[in-house]
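S.K.: First, the structure itself, so that you have it in front of you.
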Amino acid sequence: MADIRIGVLAYRGNDVALREWQGHADYLTRQIPGQAFRIMPLGYTAIEEAVRTGTIDLLITNTGHYTELEATGRISRVATRLIAGPQGPLNHFGGVAITRPERLDLIHYADLKRKSLAIPDRSSLGGWQMHLREAKAQGLDLEKDVAQIQETGNHEKVIDAVLSGKADAGFIRADLIESLQAAGKLPAHALRIIDARHTSGYPFLHSTRLYPEWPLARVGDLPEAITKQVLIALLAMPAEAEAAKQAHIHGWTLPQNYQTVHDLFRETHLGPYANQEVTWQDIFNTYGTYLLGCLLALAGVLLMGIRRIIGDNQRLREREQALRLAAAVFRHAEEGILIANAKGVIVDVNDSVTRLTGYGRGELIGQKPRLLSSGMHDTGFYHGLWKTLLQEGFWRGELKNRRKDGSLYTQHTSISSIRDESGETTHYIGMIADITDVKANQEKLEHMAYYDALTGLPNRALLSDRLHQAIALAERHQHHFAICYLDLDNFKPINDQWGHATGDQVLVEVARRLTHALRQNDTVCRLGGDEFVILLNELSSPEEISHALQRVHAALDAPLQVGDTWMAISASTGITVYPDDATDPDMLLRHADHAMYIVKHSGRRRQMRYRQHMAAVDNAQALEIEQAFREREFVLYYQPKVDMRQGEIVGAEALVRWQHPTRGLLLPENFLPLIDTLHRQAELGEYVIREALAQMTDWAKRGLQLAVSLNIDAVHLQQADFPERLDHLLDAYPDVLPPQLEFEIVETAALQDLEQISERIAACRQVGVQFAIDDFGTGYSSLSYLKQLPMQTLKIDGSFVQSMLDNPDDLAIVDGVIGLAGAFRRRVVAEGVATIEHGTLLLKLGCEWGQGFGIARPMPAAALANWILEWKQPAEWRVANRWPSGDLPLLTVEIDHVRWIRQLETVLMSDDETLPLPPTDPRDCRFGQWLRGDGRVRYSGIPAFEQVLERHLDAHRCGQELLTLRAESPVAARARISELHRCRTRLLDSLHHLHRAVMHLPA
């Protein structure tokens, strides 16, 4: 049985075409017994050759290309694809002419005369060819009458050219504007449509007539029976079928009439009618009587001549089309193309080369490529290049060259030699791609992988590398080194009182002070949060440690100023020395951390070296822990997780507690450090897993299927047999489906050994369990490690969520994590949902899953079932629409203004003259800067925005009056503070009107 070959137009490359259309081949193979279908991605020329030679049986190509091929008589349409529309499937599409709203001089196509125009390319039906007909009907020849035509390469770049003012108008496919607006990528009133028209049954505004969508065509002599089977199968394909989803279509319908496209091409001399200036029908209509006699007399001769002419014309058209295609590829290719003769002298370049190098075409022709040399490659490099090129006829690699303006760029280059029939090289062709940004991003990602994004210090991964180097040097030279583990004292109150932005500034200043206090060969690393590690290398005596830490603590003790605020900071430090205290890098860090922990709990602002006796925990405490395991005193409390938008319970997080016989219920911070010291993390972890699986089994027997997430210690996860033991545990509880179990690992712990953690997670994923990153945002939040860790879920740290209602910086962090989760196709869960307002804002940002005290506090397993029955979704969450990403600043500025009012009220109500004043000039506050910047650009055409401007000025005028009055009579100023509150209320009301206008909601 021979395969039935389906040719598909691979206009975005073979890989994309296979990914989109392979599902159709699989679908048809399943639907039509005895037949096997195979996808063949082809370019335009390859399709035409395949149609001519009959090497494909079916064809899927764009409407214009099909119309050209239909004229050959070798293909016929079988079905037409359907595209999903807002009110149902669509089988037609049109083109739209766009300009900016303020261009009131461009109303009709005729107004485009002597204007600049942006189009995708001249082969685009919706982005060029349709518009020729409409413009011609208004007396405009687009090729001759417009000032400039820019071919951008795709439809979205046309929009960019119009919005940026690089083009007066542009042509794109209809429906693109609406789809970009729905995705939040284009403001609602950013563009105006020229000659806008409505067509019944077509939901999108358009400027041209409508034409049928892409067809599937029969090629050659494919049997009629198979063709009918294909049509029946395609008509039966549902929109939710995997094949339809892969191809981004709604399904197929009966073949549409493509005569309208023929009419378009005939009228505009495109496609098969490009060279058909005078037809026999035209001649006969003009000279009918005279030619009738001639035709009767010369019928035989003319028939032979016509046959020969048709054949010659066909060959000429094919040759001309090939030449046009080659010229278009050379002219419009994104890659630079440089052609040199056999002596290496440049004879031609395309526009991409001139854009990349900054040299004009005339400046390059006649020169040798060494004109672009940057001096970054030595003579040996070029000798090797030419040796390879001469021997093998091809060279590929990276070159760093210099532009005309002196700036450097990196290009990926492929050079091929062109030989004549005798084998002599006549020319060299170089294909050039600018990879400057790619190389810069690679370097940035490498830096992000090894350096802390906030402070620029080495991170845990680089510290591990430095520790191994230090051990190797110490062994070679027989010297010591020390690890100092620093934790800032009372750093959390700084974050709580002044916000995370101030806390970040403190951390940056601490990093700067630590770096300047140490020697050049020492290393300072930030592990995350307020924890730092100092590596003191090549120590000749213990006194050097004391001297170094004296400098460190003296630097930290100096008062620190952030803005107008002065604050004092200090640190607690634990110390270990190699090889006296340990020889393993992880053990050295663990010992230093343990010494620091003891300092923290014995007075802070001190330093202590690890000693062996510290490992000996009080025997009574060890016995208590032993009893807790034996008597099953560790219990699980469950905190529900909900889908806030759907109002559904999606799972619960299991949180361990210690039901102490005398001290009552203890939270983890009161016993986990002791568990760590006793190295019983894995034992507690397995205990928790067993308890959770047993509870899930009990729930399942009662008809409650609930996903449960557990916190897991990195020490437990890194054990070599963890995946195997987990598999055995799941086998012991067959009523629990593995995907219902999720492990949460905190962000900083995941980085302790990234490679090993990734391997363990991947092995557990094979079992079927899920993984989440907990407290995301509190560590490095690096794109590079996020890409490496096979996690399905990101959990936003609750501290950011709780303060996002009054801290715009924390709101920006939450929004960024949600965007990051979407980019990496991860689920996002928000912790710390303390109120209904928190949940409403999260839904507007696009986060739908949450947990927190505003939903439910952790509770015993026995109470959870009743809670599930009684919980009701807040009404506010049911109507909370997701905001377009471009309008998210509207939420941020509201918080900015409320914060400004609160700061001003604090000053007015206090007698402290040293309190910093919030900006009183309406142009200086963050809200005012947004109003006069991005806000005006985006919303200036909306009446509600003008009201926001007025109310903002009113609030600042009121604030200035009250501050002036405070200087004379603080009591009188405080008596009028309600005026400030009224101004706030009026401004927030105006902002909410603007919100509704943006979201098109009723007032």
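Letters A, B, ... mark the chains of the structure tokens in the order given; residue numbers begin at 1 per chain; ligand numbers begin at 1, in order shown.
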Just the residues within 8 Å of Thr268 of chain A, please, counting only C-alpha atoms, with nothing from its chain fewer than 4 positions along; format it as a short mmCIF file (atom, residue, chain, number, x, y, z; two decimals) with N, CA, C and O atoms, in the first residue's frame.
M.R.:
```cif
data_model
loop_
_atom_site.label_atom_id
_atom_site.label_comp_id
_atom_site.auth_asym_id
_atom_site.auth_seq_id
_atom_site.Cartn_x
_atom_site.Cartn_y
_atom_site.Cartn_z
N LEU A 132 -5.12 45.83 -4.10
CA LEU A 132 -4.90 46.39 -5.45
C LEU A 132 -6.23 46.65 -6.14
O LEU A 132 -6.42 47.68 -6.80
N ARG A 133 -7.15 45.71 -5.97
CA ARG A 133 -8.45 45.81 -6.64
C ARG A 133 -9.26 46.98 -6.09
O ARG A 133 -9.86 47.75 -6.85
N LEU A 264 -10.07 38.55 -9.19
CA LEU A 264 -9.11 39.50 -8.62
C LEU A 264 -7.80 39.46 -9.39
O LEU A 264 -7.26 40.50 -9.79
#
```
S.K.: Out of segment 324-525 of chain A, which residues get alpha helix (DSSP H) from DSSP, as a VMD selection string?
M.R.: chain A and resid 324 to 332 351 to 357 361 to 364 379 to 392 436 to 450 460 to 477 491 to 498 500 to 517
S.K.: If we count only C-alpha atoms and set the cut-off at 10 Å, which residues sit around Met999 of chain A, ignoring sequence neighbours fewer than 2 positions away in its own chain? Please answer as a ChimeraX atom specification.
M.R.: /A:188,881-884,887,993-997,1001-1002
S.K.: Taking into account only C-alpha atoms, which residue in the set A:Asp593, A:Glu648, A:Asp806, A:Glu424 is nearest to Asp676 of chain A?
M.R.: A:Asp593
S.K.: Find the residues around Gly362 of chain A up to 12 Å (only C-alpha atoms counted), leave out those fewer than 2 positions away in its own chain, and share them as a ChimeraX atom specification.
M.R.: /A:346-351,353-354,358-360,364-367
S.K.: Quick one: residues within 8 Å of Ile83 of chain A, only C-alpha atoms, excluding same-chain residues fewer than 3 positions away - as a PDB file with N, CA, C and O atoms, in the first residue's frame?
M.R.:
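The resulting file, selection35.pdb, is reproduced below:
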```pdb
ATOM      1  N   PRO A  89     -17.493  29.420  13.233  1.00  0.00           N
ATOM      2  CA  PRO A  89     -16.424  29.223  12.249  1.00  0.00           C
ATOM      3  C   PRO A  89     -16.595  30.118  11.027  1.00  0.00           C
ATOM      4  O   PRO A  89     -17.702  30.476  10.637  1.00  0.00           O
ATOM      5  N   LEU A  90     -15.458  30.451  10.379  1.00  0.00           N
ATOM      6  CA  LEU A  90     -15.439  31.330   9.215  1.00  0.00           C
ATOM      7  C   LEU A  90     -14.733  30.619   8.068  1.00  0.00           C
ATOM      8  O   LEU A  90     -13.707  29.965   8.275  1.00  0.00           O
ATOM      9  N   ASN A  91     -15.278  30.771   6.852  1.00  0.00           N
ATOM     10  CA  ASN A  91     -14.626  30.180   5.688  1.00  0.00           C
ATOM     11  C   ASN A  91     -14.134  31.227   4.709  1.00  0.00           C
ATOM     12  O   ASN A  91     -13.700  30.896   3.608  1.00  0.00           O
ATOM     13  N   HIS A 248      -4.399  24.923  14.175  1.00  0.00           N
ATOM     14  CA  HIS A 248      -5.009  26.217  14.539  1.00  0.00           C
ATOM     15  C   HIS A 248      -6.221  26.523  13.664  1.00  0.00           C
ATOM     16  O   HIS A 248      -6.403  27.650  13.205  1.00  0.00           O
ATOM     17  N   ILE A 249      -7.045  25.508  13.402  1.00  0.00           N
ATOM     18  CA  ILE A 249      -8.237  25.715  12.584  1.00  0.00           C
ATOM     19  C   ILE A 249      -9.441  25.195  13.358  1.00  0.00           C
ATOM     20  O   ILE A 249      -9.309  24.529  14.392  1.00  0.00           O
ATOM     21  N   HIS A 250     -10.655  25.469  12.801  1.00  0.00           N
ATOM     22  CA  HIS A 250     -11.903  25.030  13.423  1.00  0.00           C
ATOM     23  C   HIS A 250     -12.442  23.770  12.773  1.00  0.00           C
ATOM     24  O   HIS A 250     -13.368  23.162  13.271  1.00  0.00           O
ATOM     25  N   GLY A 251     -11.829  23.377  11.679  1.00  0.00           N
ATOM     26  CA  GLY A 251     -12.283  22.197  10.953  1.00  0.00           C
ATOM     27  C   GLY A 251     -12.310  22.477   9.458  1.00  0.00           C
ATOM     28  O   GLY A 251     -11.598  23.344   8.950  1.00  0.00           O
TER      29      GLY A 251
END
```
S.K.: Find the residues near Leu794 of chain A: any atom within 9 Å, counting only C-alpha atoms, skip ones fewer than 3 places away on the same chain, and give them as a short mmCIF file (atom, residue, chain, number, x, y, z; two decimals) with N, CA, C and O atoms, in the first residue's frame.
M.R.:
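What follows is the written file around02.cif:
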```
data_model
loop_
_atom_site.label_atom_id
_atom_site.label_comp_id
_atom_site.auth_asym_id
_atom_site.auth_seq_id
_atom_site.Cartn_x
_atom_site.Cartn_y
_atom_site.Cartn_z
N ALA A 772 6.32 21.53 42.63
CA ALA A 772 6.11 22.98 42.63
C ALA A 772 7.29 23.66 43.29
O ALA A 772 7.93 23.11 44.19
N ILE A 773 7.61 24.90 42.83
CA ILE A 773 8.60 25.74 43.50
C ILE A 773 7.84 26.60 44.50
O ILE A 773 6.95 27.37 44.13
N ASP A 774 8.22 26.47 45.78
CA ASP A 774 7.55 27.22 46.84
C ASP A 774 8.28 28.53 47.10
O ASP A 774 9.49 28.64 46.87
N ASP A 775 7.54 29.52 47.60
CA ASP A 775 8.11 30.83 47.97
C ASP A 775 8.87 31.45 46.80
O ASP A 775 9.91 32.07 46.97
N PHE A 776 8.33 31.30 45.57
CA PHE A 776 9.03 31.83 44.40
C PHE A 776 9.12 33.36 44.50
O PHE A 776 8.15 34.03 44.81
N MET A 791 9.58 21.60 36.93
CA MET A 791 8.46 21.88 37.82
C MET A 791 7.20 22.20 37.01
O MET A 791 7.28 22.77 35.92
N VAL A 817 5.92 37.48 38.27
CA VAL A 817 5.94 36.03 38.46
C VAL A 817 4.82 35.38 37.66
O VAL A 817 5.01 34.32 37.05
N ILE A 818 3.64 36.01 37.64
CA ILE A 818 2.53 35.46 36.85
C ILE A 818 2.90 35.42 35.36
O ILE A 818 2.66 34.43 34.66
N ALA A 821 5.43 32.63 34.80
CA ALA A 821 4.78 31.32 34.78
C ALA A 821 4.10 31.08 33.44
O ALA A 821 4.18 29.98 32.88
N ARG A 826 3.87 27.26 33.10
CA ARG A 826 3.75 26.69 34.43
C ARG A 826 2.44 27.20 35.05
O ARG A 826 2.02 28.33 34.80
N ARG A 827 1.82 26.37 35.89
CA ARG A 827 0.68 26.84 36.68
C ARG A 827 1.21 27.75 37.78
O ARG A 827 2.31 27.57 38.29
N VAL A 828 0.43 28.76 38.15
CA VAL A 828 0.85 29.68 39.21
C VAL A 828 -0.20 29.66 40.32
O VAL A 828 -1.40 29.69 40.06
N VAL A 829 0.28 29.56 41.57
CA VAL A 829 -0.57 29.57 42.76
C VAL A 829 -0.09 30.70 43.66
O VAL A 829 1.10 30.81 43.92
N ALA A 830 -1.02 31.52 44.15
CA ALA A 830 -0.66 32.62 45.04
C ALA A 830 -0.89 32.21 46.48
O ALA A 830 -1.99 31.80 46.85
#
```
S.K.: Find the residues around Leu869 of chain A up to 12 Å (only C-alpha atoms counted), leave out those fewer than 6 positions away in its own chain, and share them as a list in words.
M.R.: Glu648, Ile649, Leu704 and Ala863 of chain A
S.K.: How many Å lie between atom CA of Ala955 of chain A and atom CA of His992 of chain A, rounded to one decimal?
M.R.: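 Calculated distance between atom CA of Ala955 of chain A and atom CA of His992 of chain A is 16.3 Å.
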S.K.: My list of candidates is A:Leu623, A:Leu59, A:Leu356, A:Ala875. Which is closest to Gly647 of chain A when distances are computed with only C-alpha atoms?
M.R.: A:Ala875
S.K.: Could you make a table, as CSV, of the residues of segment 715-827 of chain A that have an atom within 10 Å of an atom of segment 496-505 of chain A, each with its nearest atom pair and distance in Å to one decimal, counting only C-alpha atoms, in chain and number order?
M.R.:
```
residue,atom,partner,partner_atom,distance
A:Ser799,CA,A:Asp496,CA,9.2
A:Phe800,CA,A:His500,CA,8.5
A:Ser803,CA,A:Gly499,CA,8.5
A:Asp806,CA,A:Gly499,CA,9.7
A:Asn807,CA,A:Gly499,CA,7.2
A:Pro808,CA,A:Ala501,CA,9.7
A:Asp809,CA,A:Ala501,CA,6.6
A:Asp810,CA,A:His500,CA,7.0
A:Ile813,CA,A:His500,CA,9.9
```
S.K.: Please measure the separation of atom CA of Arg702 of chain A and atom CA of Lys641 of chain A, giving the value in Å to one decimal.
M.R.: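 So the two atoms, atom CA of Arg702 of chain A and atom CA of Lys641 of chain A, lie 19.9 Å apart.
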S.K.: What is the atom CA of Ser124 of chain A to atom CA of Val146 of chain A distance in Å?
M.R.: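 According to the coordinates, atom CA of Ser124 of chain A and atom CA of Val146 of chain A are separated by 18.1 Å.
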